[in-house]
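Visitor: My structure is below; once you've seen it, I'll send some questions.
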Amino acid sequence: MDYLPSSEGILKKILERGYQIHPEALKVLEARGEENALAVLESFSEKFSEAIVIEVKQVEELLEKTQDKKTPGTKEFGSKLSKLNGRITQVYDGSGLIQRCPKCNRWIIDDFCMVHSDVEGIWDLRIKARFDDGKERCTLIFKKEMTEKSTKITLEEARKLGEAATLERIKNTLVGKNIEIGGVKLNGGNFLVNDIKEV
Ligand SMILES: [Zn+2]
């Protein structure tokens, strides 16, 4: 444990709001103290309503603005919902049952984080998949709840099945079927899935 209690408080609040944060961005926030960090966090959901990972650039941009202004964040999730029809053509490695670092939330393997070394990983479910609607391709991102809903495997069941069998189940369930996806377009060709149904 080389982390100060205050920094764990900041990270906890970030994770509670459903965000992931780049380790460098967390360092920048920690350096500003908890009060400033929370102000940034509030404005983050306003400014970057589609983002799920907090990057350094975004933190620096917001820090400049939050020096003199602290507005409570109004989350606008759902305001830019869009729908896609097509097929999942590939489920990427790193999907299914995964472990995350309890300190930075990044994907880790065998309880080892590149930044925090030996940690006790937290189990999570996610899917990253290539989606093709006949004209365009994008990468779908399913968080835990949508992974459970779309594959009908709970985190507990996945842990009993193991990583390989869980990934196999996900592929068998999703690849090649005609589906309608609802969700939010993210930067970089990613699409966060909020709803899925077979059509
Ligand atoms: Zn870590």
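Ligands are numbered from 1 in the order shown, residues from 1 within each chain, and chains are lettered A, B, ... in the order they appear in the structure tokens.
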Using only C-alpha atoms and all ligand atoms, what table do you get, as CSV, when you list each residue of chain A with an atom no more than 7 Å from ligand 1, its nearest pair of atoms, and their distance in Å rounded to one decimal, rows by chain then rising number?
Guide:
residue,atom,partner,partner_atom_place_in_ligand_line,distance
A:Cys101,CA,ligand 1,1 (Zn),4.6
A:Pro102,CA,ligand 1,1 (Zn),6.6
A:Lys103,CA,ligand 1,1 (Zn),4.9
A:Cys104,CA,ligand 1,1 (Zn),4.2
A:Asn105,CA,ligand 1,1 (Zn),6.3
A:Arg106,CA,ligand 1,1 (Zn),6.1
A:Cys113,CA,ligand 1,1 (Zn),4.7
A:Met114,CA,ligand 1,1 (Zn),6.5
A:Val115,CA,ligand 1,1 (Zn),5.0
A:His116,CA,ligand 1,1 (Zn),4.5
Visitor: Write to file, as a PDB file, in the first residue's frame, the residues of the selection just made, with C-alpha atoms.
Guide:
ATOM      1  CA  CYS A 101      -7.150  -3.298 -10.506  1.00  0.00           C
ATOM      2  CA  PRO A 102      -8.903  -2.052  -7.336  1.00  0.00           C
ATOM      3  CA  LYS A 103      -6.821   1.135  -7.429  1.00  0.00           C
ATOM      4  CA  CYS A 104      -7.008   2.288 -11.062  1.00  0.00           C
ATOM      5  CA  ASN A 105      -9.741   0.057 -12.514  1.00  0.00           C
ATOM      6  CA  ARG A 106      -7.612  -0.972 -15.468  1.00  0.00           C
ATOM      7  CA  CYS A 113      -1.363  -4.203 -12.363  1.00  0.00           C
ATOM      8  CA  MET A 114       1.232  -2.482 -14.568  1.00  0.00           C
ATOM      9  CA  VAL A 115       1.021   0.564 -12.318  1.00  0.00           C
ATOM     10  CA  HIS A 116       0.268  -0.868  -8.879  1.00  0.00           C
TER      11      HIS A 116
END
Visitor: Between A:Ala164, A:Leu81, A:Arg100, A:Ile179, which is the closest to Asp118 of chain A once you count only C-alpha atoms?
Guide: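 Closest candidate: A:Arg100.
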Visitor: Just want the 9 Å neighbourhood of segment 8-24 of chain A, counted on only C-alpha atoms, with same-chain residues fewer than 4 positions away dropped. Output as a compact mmCIF listing (two decimals) with N, CA and C atoms, in the first residue's frame.
Guide:
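And here's part23.txt as it stands now:
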# COMPACT_ATOMS: atom_id res chain seq x y z
N TYR A 3 -0.33 4.05 -1.29
CA TYR A 3 -1.29 5.10 -1.63
C TYR A 3 -1.82 5.83 -0.40
N LEU A 4 -1.95 7.11 -0.52
CA LEU A 4 -2.50 7.89 0.59
C LEU A 4 -4.01 7.65 0.67
N VAL A 28 -2.86 13.51 -11.69
CA VAL A 28 -3.10 14.95 -11.82
C VAL A 28 -4.18 15.39 -10.84
N LEU A 29 -5.23 14.59 -10.75
CA LEU A 29 -6.33 14.93 -9.84
C LEU A 29 -5.89 14.88 -8.38
N GLU A 30 -5.14 13.84 -8.04
CA GLU A 30 -4.66 13.68 -6.67
C GLU A 30 -3.83 14.88 -6.23
N GLY A 33 -5.78 17.79 -4.82
CA GLY A 33 -6.56 17.64 -3.59
C GLY A 33 -7.99 17.23 -3.89
N GLU A 34 -8.64 16.73 -2.84
CA GLU A 34 -9.94 16.09 -3.04
C GLU A 34 -11.03 17.07 -3.49
N ALA A 37 -10.65 17.86 -7.07
CA ALA A 37 -10.89 16.65 -7.84
C ALA A 37 -12.38 16.41 -8.01
N LEU A 38 -13.13 16.63 -6.95
CA LEU A 38 -14.57 16.41 -7.02
C LEU A 38 -15.25 17.44 -7.91
N LEU A 41 -14.76 16.32 -11.33
CA LEU A 41 -15.61 15.16 -11.59
C LEU A 41 -17.04 15.60 -11.92
N ALA A 51 -18.27 10.09 -22.29
CA ALA A 51 -17.01 9.40 -21.98
C ALA A 51 -17.18 8.41 -20.84
N ILE A 52 -16.42 7.35 -20.89
CA ILE A 52 -16.40 6.43 -19.77
C ILE A 52 -15.00 6.34 -19.15
N VAL A 53 -14.00 6.74 -19.91
CA VAL A 53 -12.65 6.75 -19.36
C VAL A 53 -12.17 8.20 -19.26
N ILE A 54 -11.71 8.57 -18.08
CA ILE A 54 -11.23 9.94 -17.87
C ILE A 54 -9.76 10.01 -18.26
N GLU A 55 -9.47 10.85 -19.25
CA GLU A 55 -8.10 10.97 -19.74
C GLU A 55 -7.42 12.23 -19.20
N VAL A 56 -6.10 12.24 -19.27
CA VAL A 56 -5.32 13.37 -18.73
C VAL A 56 -5.73 14.70 -19.35
N LYS A 103 -7.29 -0.24 -7.61
CA LYS A 103 -6.82 1.14 -7.43
C LYS A 103 -7.06 2.00 -8.66
N CYS A 104 -6.87 1.45 -9.86
CA CYS A 104 -7.01 2.29 -11.06
C CYS A 104 -8.06 1.76 -12.03
N ASN A 105 -8.65 0.61 -11.72
CA ASN A 105 -9.74 0.06 -12.51
C ASN A 105 -9.31 -0.46 -13.88
N ARG A 106 -8.01 -0.46 -14.16
CA ARG A 106 -7.61 -0.97 -15.47
C ARG A 106 -7.67 -2.49 -15.49
N VAL A 115 0.72 -0.63 -13.11
CA VAL A 115 1.02 0.56 -12.32
C VAL A 115 1.17 0.24 -10.83
Visitor: Set the distance at 9 Å and use only C-alpha atoms: which residues neighbour Gly189 of chain A once local chain neighbours fewer than 5 positions away are removed? I'd like the list as an mmCIF file with N, CA and C atoms, in the first residue's frame.
Guide:
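As a result, part.cif now contains:
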data_model
loop_
_atom_site.group_PDB
_atom_site.id
_atom_site.type_symbol
_atom_site.label_atom_id
_atom_site.label_comp_id
_atom_site.auth_asym_id
_atom_site.auth_seq_id
_atom_site.Cartn_x
_atom_site.Cartn_y
_atom_site.Cartn_z
ATOM 1 N N ARG A 137 -18.570 0.081 -39.633
ATOM 2 C CA ARG A 137 -18.187 -0.789 -38.527
ATOM 3 C C ARG A 137 -17.909 0.069 -37.312
ATOM 4 N N CYS A 138 -18.205 -0.470 -36.147
ATOM 5 C CA CYS A 138 -17.785 0.201 -34.921
ATOM 6 C C CYS A 138 -17.497 -0.857 -33.864
ATOM 7 N N THR A 139 -16.967 -0.421 -32.752
ATOM 8 C CA THR A 139 -16.684 -1.336 -31.656
ATOM 9 C C THR A 139 -17.725 -1.140 -30.566
ATOM 10 N N LEU A 140 -18.446 -2.198 -30.286
ATOM 11 C CA LEU A 140 -19.442 -2.134 -29.223
ATOM 12 C C LEU A 140 -18.779 -2.383 -27.878
#
Visitor: Residues of chain A classed as strand (DSSP E) by DSSP on the backbone are to be reported as JSON, numbers by chain.
Guide: {"A": [20, 21, 53, 54, 81, 82, 83, 84, 85, 86, 87, 88, 89, 90, 91, 96, 97, 98, 99, 100, 107, 108, 112, 113, 117, 118, 122, 123, 124, 125, 126, 127, 128, 129, 130, 131, 132, 137, 138, 139, 140, 141, 142, 178, 179, 180, 181, 182, 183, 184, 185, 190, 191, 192, 193, 194, 195, 196, 197, 198]}
Visitor: So how far away is atom CA of Gly94 of chain A from atom CA of Ile127 of chain A, in Å?
Guide: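 Taking atom CA of Ile127 of chain A and atom CA of Gly94 of chain A, their separation equals 7.7 Å.
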Visitor: I'd like to know which of A:Leu62, A:Asn178, A:Asp132, A:Glu120 is closest to Glu42 of chain A, using only C-alpha atoms.
Guide: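 Residue with the minimum atom-to-atom distance to Glu42 of chain A: A:Leu62.
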Visitor: For each of A:Val199, A:Lys135, A:Ile88, A:Val40, take the minimum atom-to-atom distance to Asn172 of chain A, counting only C-alpha atoms, then give the residue where this is smallest.
Guide: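 Ranked by minimum distance to Asn172 of chain A, first place goes to A:Ile88.
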Visitor: Of the candidates A:Arg130, A:Lys47, A:Lys57, A:Lys177, which one gets nearest to Ile196 of chain A if we count only C-alpha atoms?
Guide: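 Ranking A:Arg130, A:Lys47, A:Lys57, A:Lys177 by distance to Ile196 of chain A, first place goes to A:Lys177.
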Visitor: One number please: atom CA of Glu46 of chain A to atom CA of Phe142 of chain A, in Å, one decimal.
Guide: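 Atom CA of Phe142 of chain A lies at a distance of 22.0 Å from atom CA of Glu46 of chain A.
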Visitor: Provide the atom CA of Ile170 of chain A to atom CA of Ile108 of chain A distance in Å, to one decimal place.
Guide: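 Going from atom CA of Ile170 of chain A over to atom CA of Ile108 of chain A covers 20.0 Å.
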Visitor: Identify which of the residues A:Val119, A:Leu26, A:Leu63, A:Ile98 lies closest to Ala158 of chain A, counting only C-alpha atoms when measuring atom-to-atom distances.
Guide: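 Checking each of A:Val119, A:Leu26, A:Leu63, A:Ile98 against Ala158 of chain A, counting only C-alpha atoms, the winner is A:Ile98.
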Visitor: Excluding Glu148 of chain A and any residue of its chain fewer than 6 positions from it, enumerate the residues within 8 Å of it, using only C-alpha atoms, and give them as JSON, numbers by chain.
Guide: {"A": [125, 154, 155]}
Visitor: Restricting the calculation to only C-alpha atoms: of A:Leu161, A:Ala129, A:Ile122, A:Leu84, which residue gets closest to Ile181 of chain A?
Guide: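 Among A:Leu161, A:Ala129, A:Ile122, A:Leu84, it is A:Leu84 that comes nearest to Ile181 of chain A.
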